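One structure below.
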Amino acid sequence: MVDKHWKIALLAITMAVLTWYLVTGRDLVETWVEFPLEIVNPPQGMIIRSGMITKVSARLRGPKGLIRNLDTKKMAYSLDTGHLIVGSNPIAVVPEKLGLGSALEVVEIKPSIINLVVDMYVKKTVRVIPTWKGSLNKDFTIEGKSCVPAEVVLRGPASILKKVAQVRTQDIMLDTDSPEVWKGLIPLNLPEEVEANPGMVSVSLVFKVRKAKMWVKVPLYILGPEEIDFTASQNFVRLFVEGPKPFFRKNDFRNEITASIDINATIPNGENIVNYDVSVPSGCSVTKKNPEVITVTISRQDLVDQ
């Protein structure tokens, strides 16, 4: 008898739960639900530049139980882009593409229109220009610059690439007193929506010291045997010297420039017009001499004694 009562009680509880579920499950509710957006038939050779969204929001009305059990992770709004053209493409967002069936009503959907701006996706080969900034010693200048590779292939929207004739590297920071050669791997400075192959290039910068020119007055040294007396028309010369700017900034740079005459036994007595030799440091040269020649008077002591 007791078992029978337990069975009746259990049946009553089960029926009550089922009745509650059926009643509450049929209650109509409204709520906003987000659906991810998926692209179908992506346009070949084109790029969507703007207007693309990642989800669609829909205000749904329907039974509470059905809405609660709605698994949006397995659902998506399918957007067919196979018909897109270059330019602006307004596309209506319609509830039918949510695939919800007739049990749920789509009261509102946002956005109602998706406007996709499309461009052709093209490639273009352009020259690479190395660029730099920073502090470089004023006595130096950049003599040569090169990139490897010298050209890169750009890919991006046609409306952007048609305005690009060359591409520059990102700025190379120069901060050196005595540069010779700078080498490094540098990224490219690209417009937005554009990519390059390769994206980095090897840059080489060759530096050159600036030159200066000036007249320099130096003593004239005459070397000869002890038995020969000699006099020169002057004991100094002026030389027009060309050399690196840092050389002329040294306080004692004149001491590194010499002018001399070497008297030998073949020079006869009396007045002789002779050339003189000059010596300058490496990297310097003499382009003019004043005077060009020197008058040297020779008097051999043995001849005078006779």
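Just so we're on the same page: first chain in the structure tokens is A, next is B, and so on; residues restart at 1 for each chain, and ligands are numbered from 1 in the order they show up.
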Per residue of segment 170-269 of chain A within 9 Å of segment 282-294 of chain A, record the nearest atom pair and its distance in Å to one decimal, counting only C-alpha atoms, with rows in chain order and ascending residue number, as CSV.
residue,atom,partner,partner_atom,distance
A:Trp215,CA,A:Lys288,CA,8.8
A:Ala232,CA,A:Ile294,CA,6.8
A:Ser233,CA,A:Ile294,CA,6.3
A:Gln234,CA,A:Ile294,CA,7.5
A:Val237,CA,A:Asn290,CA,6.0
A:Arg238,CA,A:Asn290,CA,5.1
A:Leu239,CA,A:Lys289,CA,4.8
A:Phe240,CA,A:Lys288,CA,5.0
A:Val241,CA,A:Val286,CA,4.6
A:Glu242,CA,A:Ser285,CA,5.3
A:Gly243,CA,A:Cys284,CA,4.2
A:Pro244,CA,A:Gly283,CA,6.9
A:Phe247,CA,A:Cys284,CA,8.9
A:Ile261,CA,A:Ile294,CA,8.9
Item to complete: Output as a PyMOL selection string all residues of segment 29-277 of chain A that backbone DSSP marks as strand (DSSP E or B).
Response: chain A and resi 29-40+46-50+55-63+77-80+87-92+105-110+113-129+132-136+140-148+151-157+166-169+172-176+181-189+195-197+200-209+211-223+228-232+236-244+258-262+270-274+277
Discussion item. Quick one: residues within 8 Å of segment 61-74 of chain A, only C-alpha atoms, excluding same-chain residues fewer than 2 positions away - as a list in words?
Written reply: Thr24, Gly25, Arg26, Asp27, Leu28, Val29, Glu30, Thr31, Val33, Glu34, Phe35, Pro36, Arg59, Ala76, Ala103, Leu104, Glu105, Val106 and Val107 of chain A
Practice prompt. Just the helix (DSSP H, G or I) stuff from segment 26-259 of chain A, please, per backbone DSSP, written as a list in words.
Written response: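 Written out, the helix (DSSP H, G or I) residues of segment 26-259 of chain A are Lys64, Gly65, Leu66, Ile67, Arg68, Thr72, Lys73, Lys74, Pro95, Glu96, Lys97, Leu98, Ala158, Ser159, Ile160, Leu161, Lys245, Pro246, Phe247, Phe248, Phe253, Arg254, Asn255 and Glu256 of chain A.
Nearest residue to Glu227 of chain A among A:Lys123, A:Arg300, A:Lys145, A:Lys133 is A:Arg300, counting only C-alpha atoms.
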Worksheet item: How many Å separate atom CA of Leu84 of chain A from atom CA of Pro43 of chain A?
Response: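 Taking atom CA of Leu84 of chain A and atom CA of Pro43 of chain A, their separation equals 6.8 Å.
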Item to complete: Would you please work out which residue, of A:Gln44, A:Thr258, A:Ser279, A:Asn272, is nearest to His83 of chain A when using only C-alpha atoms?
Response: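 Result for the nearest residue to His83 of chain A: A:Gln44.
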Item to complete: To one decimal in Å, tell me the separation between atom CA of Ala196 of chain A and atom CA of Leu116 of chain A.
Response: 24.8 Å
Discussion item. Ranking A:Ala259, A:Ala58, A:Met46, A:Ala165 by minimum distance to Trp32 of chain A and counting only C-alpha atoms, which one comes first?
Written reply: A:Ala58
Worksheet item: Which residue out of A:Pro130, A:Pro179, A:Gly156, A:Gly87 has the minimum interatomic distance to Val206 of chain A when only C-alpha atoms are used?
Response: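 The answer is A:Pro179, which sits nearest to Val206 of chain A.
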Fill in: Distance of atom CA of Arg155 of chain A from atom CA of Ile85 of chain A, expressed in Å to one decimal place
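Result for atom CA of Ile85 of chain A versus atom CA of Arg155 of chain A: 19.1 Å, one decimal.
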